[in-house]
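Reviewing the structure listed below.
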Amino acid sequence: MPEKGKAAGKSLLPGKIGGENIPFHIAIIMDGNGRWARKRGLPRIAGHKRGMDTLIKIVTCAHALGIGALSLYAFSTENWKRPALEVDFLMRLPEEYLRKELDRLMEKDIRILAAGELGQLPSRTQLAIEEALIKTGKNKGMILNFAVNYGGRSEIIRAIKDILLLVRKGQYREEDISEDLLAKHLYTANLPDPDLLIRPSGEVRVSNFMLWQLAYTELWFTDTLWPDFTEEHFLQAIRDYQARDRRFGNIQTKA
Ligand code: FPP
């Protein structure tokens, strides 16, 4: 994993962003694909297709900017309620994305991670993700973390159950249970918490995404729908983040 803080202070893409306080880990709720399609009289899957083009663009941009980790909410545990045709389409996207992009990700030294109950995904989807996890597993550059069949509450319950089991086995004592220990049992065990969460589409909520990890994350919202989201929106979110004063419960730190 790239060192946290490595990007900070370095002038990246001069005139775009640079200077201090570059977020290391950015999380994105890729929302608004359905509305984008409906506005154009297209089927919802056309929106997801466009959403994937945006994803490819933003991954490239994040890598060029020296961002340390990008977490993308691709499919929630609630998304199974959608029509079967849409779910099937969404399930094929990781495979399609990886078929198209894996060589490029390798060239860029990007490491893929996945967060979510992968065991419940169709076997082809699981296989594609597992292959990518292995193939990119030794890469040292940007982390690209896909949340697939992910729910923040169930992630926390899962971590508690894991810890309970280990307490019963005598591997932990009750007094070992701490915030750090719980964080180590989340899907994001090896990732620092997101510094910045971006949500397009005008919805102003976190929708069960990284509930534990977002405790002190800066939130950034835009009305733009994900298929229309551009590098410029991404840069704007980062610039706004750079101007914020993160206090983590402390008093003002910026002059
Ligand atoms: C939310 O929009 C978006 C999704 C549920 C899917 C997002 C997935 C991608 C952009 C591509 C994923 C690709 C990979 C490689 C995993 P919505 O359908 O809820 O939009 P709406 O709120 O306008 O209906």
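By order in the structure tokens, chains are A, B, ...; within a chain, residues start at 1; ligands start at 1, following the order shown.
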Name the residues in contact with Val87 in chain A at a cut-off of 10 Å, using only C-alpha atoms, excluding same-chain residues fewer than 6 positions from it; report them as an MDAnalysis selection string.
-> chainID A and resid 45 75 79:81
Using only C-alpha atoms, which residues sit within 9 Å of range 221-235 of chain A once same-chain residues fewer than 5 positions away are excluded, as number ranges by chain?
-> A: 16-17, 29-33, 35-36, 47-55, 57-58, 61-62, 197-204, 240
If you keep N, CA, C and O atoms, can you produce a file of those selected residues as a CSV table (one decimal), in the first residue's frame?
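Saved the output as selection.csv:
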chain,number,residue,atom,x,y,z
A,16,LYS,N,-3.8,21.7,-11.1
A,16,LYS,CA,-5.0,20.9,-10.8
A,16,LYS,C,-5.1,20.8,-9.3
A,16,LYS,O,-5.9,21.5,-8.7
A,17,ILE,N,-4.4,19.9,-8.7
A,17,ILE,CA,-4.3,20.0,-7.2
A,17,ILE,C,-2.8,19.9,-6.9
A,17,ILE,O,-2.0,19.5,-7.6
A,29,ILE,N,-19.9,6.9,-3.4
A,29,ILE,CA,-21.1,6.1,-3.6
A,29,ILE,C,-21.6,6.5,-5.0
A,29,ILE,O,-22.0,7.7,-5.3
A,30,MET,N,-21.4,5.6,-5.9
A,30,MET,CA,-21.7,5.9,-7.3
A,30,MET,C,-23.2,5.8,-7.6
A,30,MET,O,-23.7,4.8,-8.0
A,31,ASP,N,-23.8,7.0,-7.4
A,31,ASP,CA,-25.3,6.9,-7.4
A,31,ASP,C,-25.9,7.8,-8.6
A,31,ASP,O,-25.2,8.8,-9.0
A,32,GLY,N,-27.0,7.4,-9.1
A,32,GLY,CA,-27.7,8.2,-10.1
A,32,GLY,C,-27.8,7.6,-11.4
A,32,GLY,O,-28.3,8.2,-12.4
A,33,ASN,N,-27.3,6.4,-11.6
A,33,ASN,CA,-27.3,5.7,-12.9
A,33,ASN,C,-28.7,5.6,-13.5
A,33,ASN,O,-28.9,5.8,-14.6
A,35,ARG,N,-31.5,7.2,-12.7
A,35,ARG,CA,-32.1,8.5,-13.1
A,35,ARG,C,-31.5,9.1,-14.4
A,35,ARG,O,-32.2,9.6,-15.2
A,36,TRP,N,-30.2,8.9,-14.5
A,36,TRP,CA,-29.6,9.3,-15.7
A,36,TRP,C,-30.2,8.7,-17.0
A,36,TRP,O,-30.5,9.3,-18.0
A,47,GLY,N,-27.8,3.3,-17.9
A,47,GLY,CA,-27.2,4.2,-16.9
A,47,GLY,C,-26.0,3.5,-16.2
A,47,GLY,O,-24.9,4.1,-16.0
A,48,HIS,N,-26.1,2.2,-15.9
A,48,HIS,CA,-25.0,1.5,-15.3
A,48,HIS,C,-23.8,1.4,-16.2
A,48,HIS,O,-22.7,1.4,-15.8
A,49,LYS,N,-24.1,1.2,-17.5
A,49,LYS,CA,-23.1,1.1,-18.5
A,49,LYS,C,-22.2,2.4,-18.5
A,49,LYS,O,-21.0,2.4,-18.5
A,50,ARG,N,-23.0,3.5,-18.5
A,50,ARG,CA,-22.3,4.8,-18.5
A,50,ARG,C,-21.6,5.0,-17.2
A,50,ARG,O,-20.5,5.6,-17.1
A,51,GLY,N,-22.2,4.5,-16.1
A,51,GLY,CA,-21.6,4.6,-14.8
A,51,GLY,C,-20.2,3.9,-14.8
A,51,GLY,O,-19.3,4.4,-14.1
A,52,MET,N,-20.1,2.8,-15.5
A,52,MET,CA,-18.9,2.1,-15.6
A,52,MET,C,-17.8,3.0,-16.3
A,52,MET,O,-16.6,3.0,-15.9
A,53,ASP,N,-18.2,3.7,-17.4
A,53,ASP,CA,-17.3,4.6,-18.1
A,53,ASP,C,-16.8,5.6,-17.1
A,53,ASP,O,-15.6,5.9,-17.1
A,54,THR,N,-17.7,6.2,-16.3
A,54,THR,CA,-17.2,7.2,-15.3
A,54,THR,C,-16.2,6.6,-14.3
A,54,THR,O,-15.2,7.2,-14.0
A,55,LEU,N,-16.6,5.3,-13.9
A,55,LEU,CA,-15.7,4.6,-12.9
A,55,LEU,C,-14.2,4.5,-13.5
A,55,LEU,O,-13.3,4.9,-12.9
A,57,LYS,N,-12.8,6.4,-15.8
A,57,LYS,CA,-12.2,7.7,-15.9
A,57,LYS,C,-11.7,8.2,-14.5
A,57,LYS,O,-10.6,8.7,-14.4
A,58,ILE,N,-12.5,7.9,-13.5
A,58,ILE,CA,-12.2,8.4,-12.1
A,58,ILE,C,-11.0,7.6,-11.5
A,58,ILE,O,-10.2,8.1,-10.8
A,61,CYS,N,-8.0,9.0,-13.1
A,61,CYS,CA,-7.7,10.3,-12.5
A,61,CYS,C,-7.1,10.2,-11.1
A,61,CYS,O,-6.1,10.9,-10.8
A,62,ALA,N,-7.7,9.4,-10.3
A,62,ALA,CA,-7.3,9.2,-8.9
A,62,ALA,C,-5.8,8.7,-8.9
A,62,ALA,O,-5.0,9.2,-8.1
A,197,LEU,N,-15.6,11.3,1.5
A,197,LEU,CA,-16.6,10.5,0.9
A,197,LEU,C,-17.3,11.5,-0.1
A,197,LEU,O,-17.8,12.5,0.2
A,198,ILE,N,-17.4,11.0,-1.3
A,198,ILE,CA,-18.1,11.7,-2.4
A,198,ILE,C,-19.4,11.0,-2.7
A,198,ILE,O,-19.4,9.8,-3.0
A,199,ARG,N,-20.5,11.7,-2.8
A,199,ARG,CA,-21.8,11.1,-3.2
A,199,ARG,C,-22.4,12.0,-4.3
A,199,ARG,O,-22.9,13.1,-4.0
A,200,PRO,N,-22.5,11.6,-5.5
A,200,PRO,CA,-23.2,12.3,-6.5
A,200,PRO,C,-24.7,12.0,-6.4
A,200,PRO,O,-25.2,11.3,-5.6
A,201,SER,N,-25.5,12.7,-7.3
A,201,SER,CA,-26.9,12.4,-7.5
A,201,SER,C,-27.9,13.2,-6.7
A,201,SER,O,-29.1,13.0,-6.8
A,202,GLY,N,-27.4,14.0,-5.8
A,202,GLY,CA,-28.3,14.8,-5.0
A,202,GLY,C,-28.8,14.2,-3.7
A,202,GLY,O,-29.4,14.8,-2.9
A,203,GLU,N,-28.5,12.9,-3.5
A,203,GLU,CA,-28.9,12.2,-2.2
A,203,GLU,C,-27.9,12.6,-1.2
A,203,GLU,O,-26.7,12.5,-1.4
A,204,VAL,N,-28.4,12.9,0.0
A,204,VAL,CA,-27.5,13.4,1.1
A,204,VAL,C,-27.6,12.4,2.2
A,204,VAL,O,-28.1,12.7,3.3
A,240,ASP,N,-12.1,21.2,-2.2
A,240,ASP,CA,-12.9,21.6,-1.1
A,240,ASP,C,-12.4,20.9,0.2
A,240,ASP,O,-12.4,21.5,1.3
Enumerate the residues of range 16-243 of chain A with a DSSP assignment of strand (DSSP E), computed from the backbone, and present them as a count of residues only.
-> 34
Could you check which of A:Arg92, A:His25, A:Arg247, A:Lys138 is closest to ligand 1, using only C-alpha atoms and all ligand atoms?
-> A:Arg92
Do you have, as CSV, the list of residues of range 171-250 of chain A lying at most 12 Å from range 101-120 of chain A, each with its nearest atom pair and that distance in Å to one decimal, counting only C-alpha atoms and ordered by chain then number?
residue,atom,partner,partner_atom,distance
A:His185,CA,A:Ala115,CA,11.7
A:Leu186,CA,A:Ala115,CA,8.7
A:Tyr187,CA,A:Ala115,CA,5.2
A:Thr188,CA,A:Ala115,CA,7.0
A:Ala189,CA,A:Ala115,CA,10.1
A:Asn190,CA,A:Leu113,CA,9.9
A:Leu191,CA,A:Leu113,CA,9.9
A:Phe209,CA,A:Ala115,CA,10.6
A:Met210,CA,A:Ala115,CA,9.8
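Distance-wise, CA of Trp220 in chain A and CA of Gly141 in chain A end up 24.9 Å apart.
Considering the residues A:Asn145, A:Asn250, A:Asn139, A:Ser71 and counting only C-alpha atoms, Ala27 in chain A has its shortest atom-to-atom contact with A:Ser71.
Minimum atom-to-atom distance to ligand 1, evaluated using only C-alpha atoms and all ligand atoms, belongs to A:Lys100 out of A:Arg173, A:Lys100, A:Lys135, A:Arg244.
Shortest separation to ligand 1 among A:Ala64, A:Val148, A:Val59, A:Ile22 occurs at residue A:Val148, atoms counted being only C-alpha atoms and all ligand atoms.
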Tell me, which residues of range 108-137 of chain A carry DSSP helix (DSSP H, G or I), written as JSON, numbers by chain?
-> {"A": [118, 119, 120, 123, 124, 125, 126, 127, 128, 129, 130, 131, 132, 133, 134, 135]}
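Minimum atom-to-atom distance to ligand 1, evaluated using only C-alpha atoms and all ligand atoms, belongs to A:Tyr97 out of A:Phe24, A:Phe89, A:Tyr97, A:Trp212.
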